[in-house]
Amino acid sequence: MSFTAEVNPGVGLDKSSFPHAAPSDPNAPHVRAAEVTIDAAVDRGALARIWESIGYDEINWTYTATGRSLLGRFGELSDKGFHVRPHYVFCSGTGFGIPHWGTGNVFHLDADGNPFYDFTIADQVYDAIVESGNHVLVELAFTPRDLVPDHAAELEVVPSPTVYSNYEAGAWGYPPKDYAAWGDLIAAHAQHCLDRYGADEVDTWLWELWNEPDIFYWRGTPEEFYELYSVTAAAVRRVLPTAKVGGPAVTGSGAEFLRGFLTHTSARKDPLDFVSFHTKGSAFRPWRVYGPTGGPAPEQQSPSAHKMLFEIRTLSRVIEEFPEYHGLPAIVDECDAGVPAHYSVYDNANFRFQNTEYYPVFQVKLMKKILDLNATETVQVEQATSWSFYFEGERYFEGTRAFLTAGGVEKPFLNAYRALARLGERRIEAGSDVAHPVTALDDCDGASMPEEVDVLASRSADGTVAALVWRHIDDQYHADDTEAAVNVNIAGLDGAAYTLRHYRIDATHSNAHTIWAGLGSPQLPTDDQLAAIKARQGLEEFEAAHDVTPVDGAAQVALSLPLPSVSLLVWEPKA
């Protein structure tokens with residue numbers, strides 16, 4: 001498959017019920033009032049922390065000072081740690097990081113054709129992840145240069161300063177020429193990780209073959225991939241008998257490939273502990289405009305949460321076709337509103353949402369809707385990975401899909417994860433009279449998700465109740481000067497008194513981007529300007545904490561929600 005400006009990485013070519021992006025609709029109705037109800041006495045089971053996973057292409061930025069610092073922030077947001085999935089660990093090269101590329105440089109052949117392994121770069125990558133309190137989702141990919149088959153020479157490229165040969169241009173996507181040597185590489189990699197990090201740590205890892213083999217990341221046949229999985233799973237298990245192995249990490253349109261993969265693993269009785277796939281909410285076209293700097297988008301487009309949920313449900317139902325796999329978790333290890341990660345507002349102005357308050361609210365909404373989908377489907381999503389990290393050499397608020405921008409400034413997106421981290425271990429009953437349900441997927445005719453107010457609520461063992469209440473619409477251009485009046489009615493509080501804390505993400509709270517823009521969007525901010533920007537980058541309180549005394553276990557909170565916004569309400573029992 002050729003890689004062109006009309007084929008975004010991470011998006012397959014099959015037709016689906018949804019367009020590649022959501023068009024803007026200035027006439028869509030707004031939600032101006034909502035009644036939200038929460039019952040802390042109604043337990044809906046353990047709150048699956050599906051958001052505790054990130055991944056990225058740029059493996060060689062994992063162990064930079066900035067990369068290590070960012071990983072540490074995620075390690076602090078989870079008792080168990082995030083799973084971290086970087087690309088390219090087996091690709092050959094110098095370890096010099098550039099966007100959408102990287103190398104672990106593990107496999108080599110000596111002058112006599114004998115294999116040997118160099119774990120220098122891989123160690124730095126995995127050390128940074130483990131030392132930050134997180135765990136590795138090991139993506140076993142791609143083909144090392146010394147294992148590229150001879151017929152890969154058919155891939156013709158024009159060499160450039162960064163594309164030294166056809167290897168960097170995609171020859172790494174061809175099947176290894178020697179599957180036995182590949183199996184030995186997998187076993188050696190697993191053994192090295194076991195020796196370096198110990199059984200207790202490595203037992204938390206996930207081992208996954210490849211990435212998106214239904215598109216240009218795999219330049220072989222489906223059957224060749226299926227066979228490679230058999231070799232890979234056996235090699236991992238040979239060293240780690242209890243390792244969790246899986247795949248095939250197809251795109252959102254990879255149902256046919258996934259069905260063939262599961263048919264193969266079922267027939268061969270291959271080890272399979274999870275099934276992975278991806279979804280993207282938009283693929284803007286053209287993805288790169290080549291217009292004037294800061295120019296408008298040729299067409300106003302946005303992500304579609306409906307598209308993402310539809311793809312998740314479709315692929316989950318493919319897994320459901322195999323009764324023996326009903327109990328396996330689904331790992332959506334790229335779950336993103338837009339693609340590709342390294343494109344920015346300078347490529348296409350529609351990517352602006354990745355700088356603003358729109359994105360964290362979208363992410364909170366999406367995580368809740370996936371949990372709702374879990375309640376209706378046989379196969380359960382266990383992780384929904386944001387394919388986001390950071391980029392070296394960016395301008396301030398470049399608009400890429402990242403948690404940091406230039407100067408180490410946190411983007412509002414990171415605050416979605418801070419807010420989600422405040423939720424407790426048990427989900428409790430909560431709803432809104434203007435929420436848009438996942439059951440509407442069959443009736444939306446490919447349209448994006450309309451405006452709503454919705455809620456996700458939890459309870460902790462110490463009696464703390466936390467709720468996320470948001471107002472959002474998929475259309476990033478559909479603004480509203482009028483705030484929505486939202487009444488939050490909570491029941492089932494068994495404490496005599498509580499402290500209520502209220503945090504907010506919107507245009508003027510928890511939003512370094514707004515401060516930067518208000519200062520004139522400086523690309524060389526002064527020390528004072530940078531301090532002012534960073535002062536507003538974390539999760540901020542909307543109002544001062546105050547005491548609440550429930551009456552018959554009930555209390556009320558009145559919110560005024562701009563579009564888009566999310567409030568985190570935390571009721572802490574007083575001693």
# chains A, B, ... in the order shown; residues from 1 in each chain; ligands from 1

call {"tool": "residues_around", "arguments": {"residues": "segment 103-115 of chain A", "least_positions_apart": "5", "cutoff": "6 Å", "atoms": "only C-alpha atoms", "output": "list in words"}}
result
Tyr88, Val89, Phe90, Cys91, Ser92, Gly93, Gly95, Ile121 and Ala122 of chain A

call {"tool": "select_by_dssp", "arguments": {"residues": "segment 249-483 of chain A", "states": "alpha helix (DSSP H)", "output": "PyMOL selection string"}}
result
chain A and resi 255-268+305-320+358-376+413-421

call {"tool": "residues_around", "arguments": {"residues": "Phe322 of chain A", "least_positions_apart": "3", "cutoff": "9 Å", "atoms": "only C-alpha atoms", "output": "list of chain:residue names"}}
result
A:Leu262, A:Thr263, A:Ser266, A:Val318, A:Ile319, A:Tyr325, A:His326

call {"tool": "residues_around", "arguments": {"residues": "segment 209-216 of chain A", "least_positions_apart": "4", "cutoff": "7 Å", "atoms": "only C-alpha atoms", "output": "list of chain:residue names"}}
result
A:Met1, A:Gly12, A:Glu139, A:Leu140, A:Ala141, A:Phe142, A:Tyr229, A:Gly246, A:Gly247, A:Pro248, A:Ala249, A:Val250, A:Thr251, A:Gly254, A:Phe257

call {"tool": "closest_residue", "arguments": {"among": "A:Ala48, A:Ala485, A:Ile473, A:Leu371", "to": "Val438 of chain A", "atoms": "only C-alpha atoms"}}
result
A:Leu371

call {"tool": "residues_around", "arguments": {"residues": "Leu77 of chain A", "least_positions_apart": "5", "cutoff": "9 Å", "atoms": "only C-alpha atoms", "output": "MDAnalysis selection string"}}
result
chainID A and resid 52 72 82 417:418 420:422

call {"tool": "residues_around", "arguments": {"residues": "Gly252 of chain A", "least_positions_apart": "6", "cutoff": "6 Å", "atoms": "only C-alpha atoms", "output": "PyMOL selection string"}}
result
chain A and resi 278-279+311
